[in-house]
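A.B. asks: See run.pdb below, with PDB, C-alpha atoms.
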ATOM      1  CA  MET W   1      32.218 125.386 -36.728  1.00  0.00           C
ATOM      2  CA  LYS W   2      30.558 122.368 -38.349  1.00  0.00           C
ATOM      3  CA  GLN W   3      30.232 119.167 -36.377  1.00  0.00           C
ATOM      4  CA  ARG W   4      31.714 116.038 -37.842  1.00  0.00           C
ATOM      5  CA  THR W   5      32.547 112.501 -36.946  1.00  0.00           C
ATOM      6  CA  LEU W   6      36.008 111.439 -37.962  1.00  0.00           C
ATOM      7  CA  LEU W   7      36.202 107.967 -39.381  1.00  0.00           C
ATOM      8  CA  ALA W   8      39.748 107.485 -40.494  1.00  0.00           C
ATOM      9  CA  VAL W   9      40.845 104.486 -42.472  1.00  0.00           C
ATOM     10  CA  ALA W  10      44.569 103.879 -42.479  1.00  0.00           C
ATOM     11  CA  GLY W  11      44.952 101.020 -44.891  1.00  0.00           C
ATOM     12  CA  ALA W  12      43.259  97.678 -45.314  1.00  0.00           C
ATOM     13  CA  THR W  13      44.275  96.436 -41.884  1.00  0.00           C
ATOM     14  CA  VAL W  14      41.895  98.793 -40.107  1.00  0.00           C
ATOM     15  CA  ALA W  15      39.059  97.928 -42.461  1.00  0.00           C
ATOM     16  CA  ALA W  16      39.681  94.226 -41.939  1.00  0.00           C
ATOM     17  CA  LEU W  17      39.556  94.424 -38.150  1.00  0.00           C
ATOM     18  CA  GLY W  18      36.321  93.608 -36.396  1.00  0.00           C
ATOM     19  CA  VAL W  19      36.523  96.699 -34.235  1.00  0.00           C
ATOM     20  CA  GLY W  20      33.813  96.405 -31.612  1.00  0.00           C
ATOM     21  CA  ALA W  21      35.522  97.413 -28.386  1.00  0.00           C
ATOM     22  CA  PRO W  22      34.247 100.545 -26.689  1.00  0.00           C
ATOM     23  CA  ALA W  23      36.366 103.622 -27.268  1.00  0.00           C
ATOM     24  CA  ALA W  24      35.793 105.162 -23.876  1.00  0.00           C
ATOM     25  CA  THR W  25      38.315 104.550 -21.144  1.00  0.00           C
ATOM     26  CA  ALA W  26      35.562 103.925 -18.601  1.00  0.00           C
ATOM     27  CA  ALA W  27      34.388 100.946 -20.622  1.00  0.00           C
ATOM     28  CA  LEU W  28      37.752  99.219 -20.302  1.00  0.00           C
ATOM     29  CA  GLY W  29      36.976  98.087 -16.746  1.00  0.00           C
ATOM     30  CA  SER W  30      34.873  94.901 -16.783  1.00  0.00           C
ATOM     31  CA  GLU W  31      35.120  94.269 -20.511  1.00  0.00           C
ATOM     32  CA  GLN W  32      38.905  94.543 -20.369  1.00  0.00           C
ATOM     33  CA  THR W  33      38.975  92.135 -17.413  1.00  0.00           C
ATOM     34  CA  LYS W  34      36.864  89.590 -19.323  1.00  0.00           C
ATOM     35  CA  ALA W  35      39.018  89.960 -22.424  1.00  0.00           C
ATOM     36  CA  SER W  36      42.223  89.648 -20.394  1.00  0.00           C
ATOM     37  CA  THR W  37      40.916  86.493 -18.732  1.00  0.00           C
ATOM     38  CA  ALA W  38      39.985  84.975 -22.083  1.00  0.00           C
ATOM     39  CA  LEU W  39      43.322  85.931 -23.578  1.00  0.00           C
ATOM     40  CA  SER W  40      45.321  84.609 -20.636  1.00  0.00           C
ATOM     41  CA  ALA W  41      44.192  81.051 -21.434  1.00  0.00           C
ATOM     42  CA  THR W  42      46.258  81.098 -24.615  1.00  0.00           C
ATOM     43  CA  ALA W  43      48.833  83.676 -23.542  1.00  0.00           C
ATOM     44  CA  ALA W  44      51.474  81.101 -22.659  1.00  0.00           C
ATOM     45  CA  ALA W  45      51.577  79.875 -26.239  1.00  0.00           C
ATOM     46  CA  ARG W  46      51.256  83.177 -28.081  1.00  0.00           C
ATOM     47  CA  GLY W  47      52.265  86.026 -25.791  1.00  0.00           C
ATOM     48  CA  SER W  48      50.987  88.191 -22.972  1.00  0.00           C
ATOM     49  CA  ALA W  49      47.738  90.140 -22.616  1.00  0.00           C
ATOM     50  CA  TYR W  50      48.092  93.654 -24.038  1.00  0.00           C
ATOM     51  CA  VAL W  51      45.837  96.490 -25.140  1.00  0.00           C
ATOM     52  CA  GLU W  52      46.277  98.017 -28.567  1.00  0.00           C
ATOM     53  CA  THR W  53      45.037 101.598 -28.720  1.00  0.00           C
ATOM     54  CA  ARG W  54      44.751 103.320 -32.080  1.00  0.00           C
ATOM     55  CA  LEU W  55      44.312 107.072 -32.317  1.00  0.00           C
ATOM     56  CA  PHE W  56      43.299 108.737 -35.577  1.00  0.00           C
ATOM     57  CA  PHE W  57      44.460 112.335 -36.066  1.00  0.00           C
ATOM     58  CA  GLY W  58      43.062 114.476 -38.864  1.00  0.00           C
ATOM     59  CA  THR W  59      45.195 117.211 -40.394  1.00  0.00           C
ATOM     60  CA  GLU W  60      42.625 119.624 -41.855  1.00  0.00           C
ATOM     61  CA  ARG W  61      41.331 122.358 -39.605  1.00  0.00           C
ATOM     62  CA  PRO W  62      37.553 122.802 -39.503  1.00  0.00           C
ATOM     63  CA  ASP W  63      37.996 126.585 -39.298  1.00  0.00           C
ATOM     64  CA  GLY W  64      39.801 126.583 -42.643  1.00  0.00           C
ATOM     65  CA  GLY W  65      43.271 127.222 -41.199  1.00  0.00           C
ATOM     66  CA  PRO W  66      46.392 125.588 -42.647  1.00  0.00           C
ATOM     67  CA  ASP W  67      46.654 121.803 -42.488  1.00  0.00           C
ATOM     68  CA  VAL W  68      48.790 120.244 -39.761  1.00  0.00           C
ATOM     69  CA  THR W  69      52.202 119.530 -41.315  1.00  0.00           C
ATOM     70  CA  ASP W  70      54.346 116.430 -40.858  1.00  0.00           C
ATOM     71  CA  GLU W  71      56.787 118.519 -38.824  1.00  0.00           C
ATOM     72  CA  GLN W  72      54.027 119.800 -36.544  1.00  0.00           C
ATOM     73  CA  PHE W  73      52.612 116.325 -36.029  1.00  0.00           C
ATOM     74  CA  MET W  74      56.012 114.787 -35.240  1.00  0.00           C
ATOM     75  CA  ALA W  75      56.778 117.639 -32.813  1.00  0.00           C
ATOM     76  CA  PHE W  76      53.426 116.892 -31.132  1.00  0.00           C
ATOM     77  CA  VAL W  77      54.322 113.194 -30.859  1.00  0.00           C
ATOM     78  CA  ASP W  78      57.765 114.030 -29.450  1.00  0.00           C
ATOM     79  CA  SER W  79      56.417 116.433 -26.829  1.00  0.00           C
ATOM     80  CA  ARG W  80      52.993 114.946 -25.915  1.00  0.00           C
ATOM     81  CA  VAL W  81      53.064 111.215 -26.702  1.00  0.00           C
ATOM     82  CA  THR W  82      56.609 109.925 -26.279  1.00  0.00           C
ATOM     83  CA  PRO W  83      56.958 111.068 -22.635  1.00  0.00           C
ATOM     84  CA  SER W  84      53.926 108.920 -21.682  1.00  0.00           C
ATOM     85  CA  PHE W  85      54.857 105.987 -23.939  1.00  0.00           C
ATOM     86  CA  PRO W  86      58.674 105.931 -24.067  1.00  0.00           C
ATOM     87  CA  SER W  87      58.847 102.175 -24.769  1.00  0.00           C
ATOM     88  CA  GLY W  88      57.598 102.707 -28.296  1.00  0.00           C
ATOM     89  CA  LEU W  89      54.755 103.498 -30.646  1.00  0.00           C
ATOM     90  CA  THR W  90      53.911 103.258 -34.322  1.00  0.00           C
ATOM     91  CA  ILE W  91      52.748 106.011 -36.667  1.00  0.00           C
ATOM     92  CA  GLN W  92      51.141 105.305 -40.029  1.00  0.00           C
ATOM     93  CA  ASP W  93      50.059 107.748 -42.698  1.00  0.00           C
ATOM     94  CA  GLY W  94      46.398 107.499 -43.580  1.00  0.00           C
ATOM     95  CA  ARG W  95      43.538 108.949 -45.541  1.00  0.00           C
ATOM     96  CA  GLY W  96      40.471 109.811 -43.445  1.00  0.00           C
ATOM     97  CA  GLN W  97      36.919 110.091 -44.713  1.00  0.00           C
ATOM     98  CA  TRP W  98      33.593 110.994 -43.082  1.00  0.00           C
ATOM     99  CA  ARG W  99      30.183 112.440 -43.905  1.00  0.00           C
ATOM    100  CA  ASP W 100      29.653 115.968 -42.544  1.00  0.00           C
ATOM    101  CA  SER W 101      26.396 117.342 -41.130  1.00  0.00           C
ATOM    102  CA  ASN W 102      25.328 118.431 -44.655  1.00  0.00           C
ATOM    103  CA  GLY W 103      25.814 114.927 -46.055  1.00  0.00           C
ATOM    104  CA  THR W 104      28.977 115.823 -47.950  1.00  0.00           C
ATOM    105  CA  ILE W 105      31.792 113.277 -48.009  1.00  0.00           C
ATOM    106  CA  GLU W 106      34.929 114.938 -46.617  1.00  0.00           C
ATOM    107  CA  LYS W 107      38.425 113.510 -47.074  1.00  0.00           C
ATOM    108  CA  GLU W 108      41.745 114.408 -45.490  1.00  0.00           C
ATOM    109  CA  ARG W 109      45.276 113.265 -44.853  1.00  0.00           C
ATOM    110  CA  SER W 110      45.537 111.689 -41.397  1.00  0.00           C
ATOM    111  CA  TYR W 111      47.817 109.823 -39.016  1.00  0.00           C
ATOM    112  CA  GLU W 112      47.177 106.590 -37.172  1.00  0.00           C
ATOM    113  CA  LEU W 113      49.078 106.303 -33.893  1.00  0.00           C
ATOM    114  CA  ILE W 114      49.302 102.796 -32.444  1.00  0.00           C
ATOM    115  CA  LEU W 115      50.098 102.278 -28.773  1.00  0.00           C
ATOM    116  CA  LEU W 116      50.634  98.817 -27.282  1.00  0.00           C
ATOM    117  CA  TYR W 117      50.805  98.321 -23.513  1.00  0.00           C
ATOM    118  CA  PRO W 118      50.220  95.532 -20.952  1.00  0.00           C
ATOM    119  CA  ALA W 119      46.534  94.948 -20.203  1.00  0.00           C
ATOM    120  CA  GLY W 120      47.219  95.427 -16.499  1.00  0.00           C
ATOM    121  CA  GLU W 121      48.210  99.037 -17.231  1.00  0.00           C
ATOM    122  CA  ALA W 122      44.995  99.950 -19.092  1.00  0.00           C
ATOM    123  CA  MET W 123      43.417 101.921 -16.250  1.00  0.00           C
ATOM    124  CA  ARG W 124      46.622 103.922 -15.690  1.00  0.00           C
ATOM    125  CA  ARG W 125      47.266 104.507 -19.406  1.00  0.00           C
ATOM    126  CA  GLY W 126      43.689 105.547 -20.247  1.00  0.00           C
ATOM    127  CA  PRO W 127      43.898 109.049 -18.724  1.00  0.00           C
ATOM    128  CA  LEU W 128      47.279 109.617 -20.405  1.00  0.00           C
ATOM    129  CA  ILE W 129      45.728 108.763 -23.773  1.00  0.00           C
ATOM    130  CA  GLU W 130      42.796 111.095 -23.122  1.00  0.00           C
ATOM    131  CA  LYS W 131      45.236 113.939 -22.384  1.00  0.00           C
ATOM    132  CA  ILE W 132      46.925 113.282 -25.736  1.00  0.00           C
ATOM    133  CA  ARG W 133      43.582 113.449 -27.545  1.00  0.00           C
ATOM    134  CA  GLU W 134      42.554 116.638 -25.754  1.00  0.00           C
ATOM    135  CA  ALA W 135      45.917 118.305 -26.405  1.00  0.00           C
ATOM    136  CA  TYR W 136      45.724 117.632 -30.163  1.00  0.00           C
ATOM    137  CA  ILE W 137      42.130 118.855 -30.401  1.00  0.00           C
ATOM    138  CA  LYS W 138      43.089 122.064 -28.612  1.00  0.00           C
ATOM    139  CA  ALA W 139      46.414 122.645 -30.399  1.00  0.00           C
ATOM    140  CA  TYR W 140      45.068 122.117 -33.924  1.00  0.00           C
ATOM    141  CA  GLY W 141      41.399 123.126 -33.652  1.00  0.00           C
ATOM    142  CA  GLN W 142      40.068 119.642 -34.349  1.00  0.00           C
ATOM    143  CA  ASP W 143      36.528 118.420 -33.686  1.00  0.00           C
ATOM    144  CA  SER W 144      37.777 115.032 -32.476  1.00  0.00           C
ATOM    145  CA  VAL W 145      40.525 112.423 -32.357  1.00  0.00           C
ATOM    146  CA  ALA W 146      39.059 108.945 -32.821  1.00  0.00           C
ATOM    147  CA  ARG W 147      40.132 106.205 -30.402  1.00  0.00           C
ATOM    148  CA  LEU W 148      39.907 102.421 -30.707  1.00  0.00           C
ATOM    149  CA  ASP W 149      40.936  99.992 -27.950  1.00  0.00           C
ATOM    150  CA  GLU W 150      41.373  96.271 -28.590  1.00  0.00           C
ATOM    151  CA  PRO W 151      42.579  93.496 -26.289  1.00  0.00           C
ATOM    152  CA  THR W 152      45.329  91.490 -27.961  1.00  0.00           C
ATOM    153  CA  LEU W 153      48.263  89.187 -27.326  1.00  0.00           C
ATOM    154  CA  ALA W 154      51.826  90.336 -27.884  1.00  0.00           C
ATOM    155  CA  ASP W 155      55.183  88.647 -27.739  1.00  0.00           C
ATOM    156  CA  PHE W 156      58.454  90.534 -28.156  1.00  0.00           C
TER     157      PHE W 156
END
Let me see the structure of the file written as structure tokens.

C.D. replies:
Amino acid sequence: MKQRTLLAVAGATVAALGVGAPAATAALGSEQTKASTALSATAAARGSAYVETRLFFGTERPDGGPDVTDEQFMAFVDSRVTPSFPSGLTIQDGRGQWRDSNGTIEKERSYELILLYPAGEAMRRGPLIEKIREAYIKAYGQDSVARLDEPTLADF
């Protein structure tokens, strides 16, 4: 099985973001606290402190098996994501691209899953998100599911 790093781009919005937040849940601790404090200064005018987590799911199988279908992906979301995030989520179709270990540019159809939750719930939600990533990797023979976490403000 070849190793690869999945860098999925799901439209111009992802490319335009200055994504610098650590992807690991453990890193959310002090950095998330600092970001939440900074955001809370303007939260009254523009919303409350939230975390936006983006997960990038590839659909091609490194072992050459059949691609993950829309039906399979939506069944995965219904059974593995929705129970942990019943208040809502967003799914966008994407096109992923990365350079494999041989230097070849690989491209594939992908999905971007966006989760938005209160910043105070980040430590509780982190392990749930990791279980989602692990379940997809195992179910569909993937090398990885990329994760991005960003502090943000949200108002509903």

A.B. asks: Take the PyMOL selection byres ((chain W and resi 134) around 12), run it mentally on this structure, and tell me the resulting residues as a PyMOL selection string.

C.D. replies: chain W and resi 55+57+80-81+127-133+135-147

A.B. asks: Need the axis-aligned box for range 142-146 of chain W with 5 Å each side, so what are the centre and edges in Å to one decimal, as lines of an AutoDock Vina configuration file?

C.D. replies:
center_x = 38.5
center_y = 114.3
center_z = -33.4
size_x = 14.0
size_y = 20.7
size_z = 12.0

A.B. asks: Excluding same-chain residues fewer than 5 positions from Pro86 in chain W, what lies within 12 Å of it counting only C-alpha atoms, as number ranges by chain?

C.D. replies: W: 77-81, 115-117

A.B. asks: I need the residue nearest Phe76 in chain W from this list: W:Arg95, W:Leu113, W:Gly103, W:Ala154. Use only C-alpha atoms for the distance.

C.D. replies: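 With only C-alpha atoms as the atom set, the closest residue is W:Leu113.
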
A.B. asks: To one decimal place, how far is CA of Glu112 in chain W from CA of Leu148 in chain W in Å?

C.D. replies: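 Pair CA of Glu112 in chain W / CA of Leu148 in chain W returns 10.6 Å.
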
A.B. asks: Using all atoms listed in the file for the distances, tell me which of W:Gly126, W:Ala119, W:Asp149, W:Glu106 is nearest to Tyr50 in chain W.

C.D. replies: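 Under the stated criterion, the closest residue is W:Ala119.
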
A.B. asks: Translate the PyMOL selection byres ((chain W and resi 109) around 12), as applied to the file shown, into an explicit residue set as a list in words.

C.D. replies: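 Evaluating the PyMOL selection byres ((chain W and resi 109) around 12) on this file yields Leu6, Leu7, Ala8, Val9, Ala10, Phe56, Phe57, Gly58, Thr59, Glu60, Arg61, Asp67, Val68, Thr69, Asp70, Phe73, Gln92, Asp93, Gly94, Arg95, Gly96, Gln97, Glu106, Lys107, Glu108, Ser110, Tyr111 and Glu112 of chain W.
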
A.B. asks: Would you work out the distance separating CA of Met74 in chain W from CA of Pro151 in chain W, expressed in Å to one decimal?

C.D. replies: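 Interatomic distance, CA of Met74 in chain W to CA of Pro151 in chain W: 26.7 Å.
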
A.B. asks: Please report the interatomic distance between CA of Ala49 in chain W and CA of Pro118 in chain W in Å with one decimal.

C.D. replies: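 Result for CA of Ala49 in chain W versus CA of Pro118 in chain W: 6.2 Å, one decimal.
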
A.B. asks: When distances are computed from only C-alpha atoms, which of W:Glu150, W:Ser101, W:Ala75, W:Phe85 shows the smallest separation from Arg54 in chain W?

C.D. replies: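 Smallest distance to Arg54 in chain W is found for W:Glu150.
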
A.B. asks: For each of W:Ile114, W:Arg125, W:Phe156, W:Trp98, take the minimum atom-to-atom distance to Ser84 in chain W, counting all atoms listed in the file, then give the residue where this is smallest.

C.D. replies: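 Using all atoms listed in the file, the shortest distance to Ser84 in chain W belongs to W:Arg125.
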
A.B. asks: Name the closest residue to Asp100 in chain W among the candidates W:Gly88, W:Pro62, W:Pro83, W:Gly120; distances are taken between atoms, counting all atoms listed in the file.

C.D. replies: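 Of the candidates, the smallest distance to Asp100 in chain W is held by W:Pro62.
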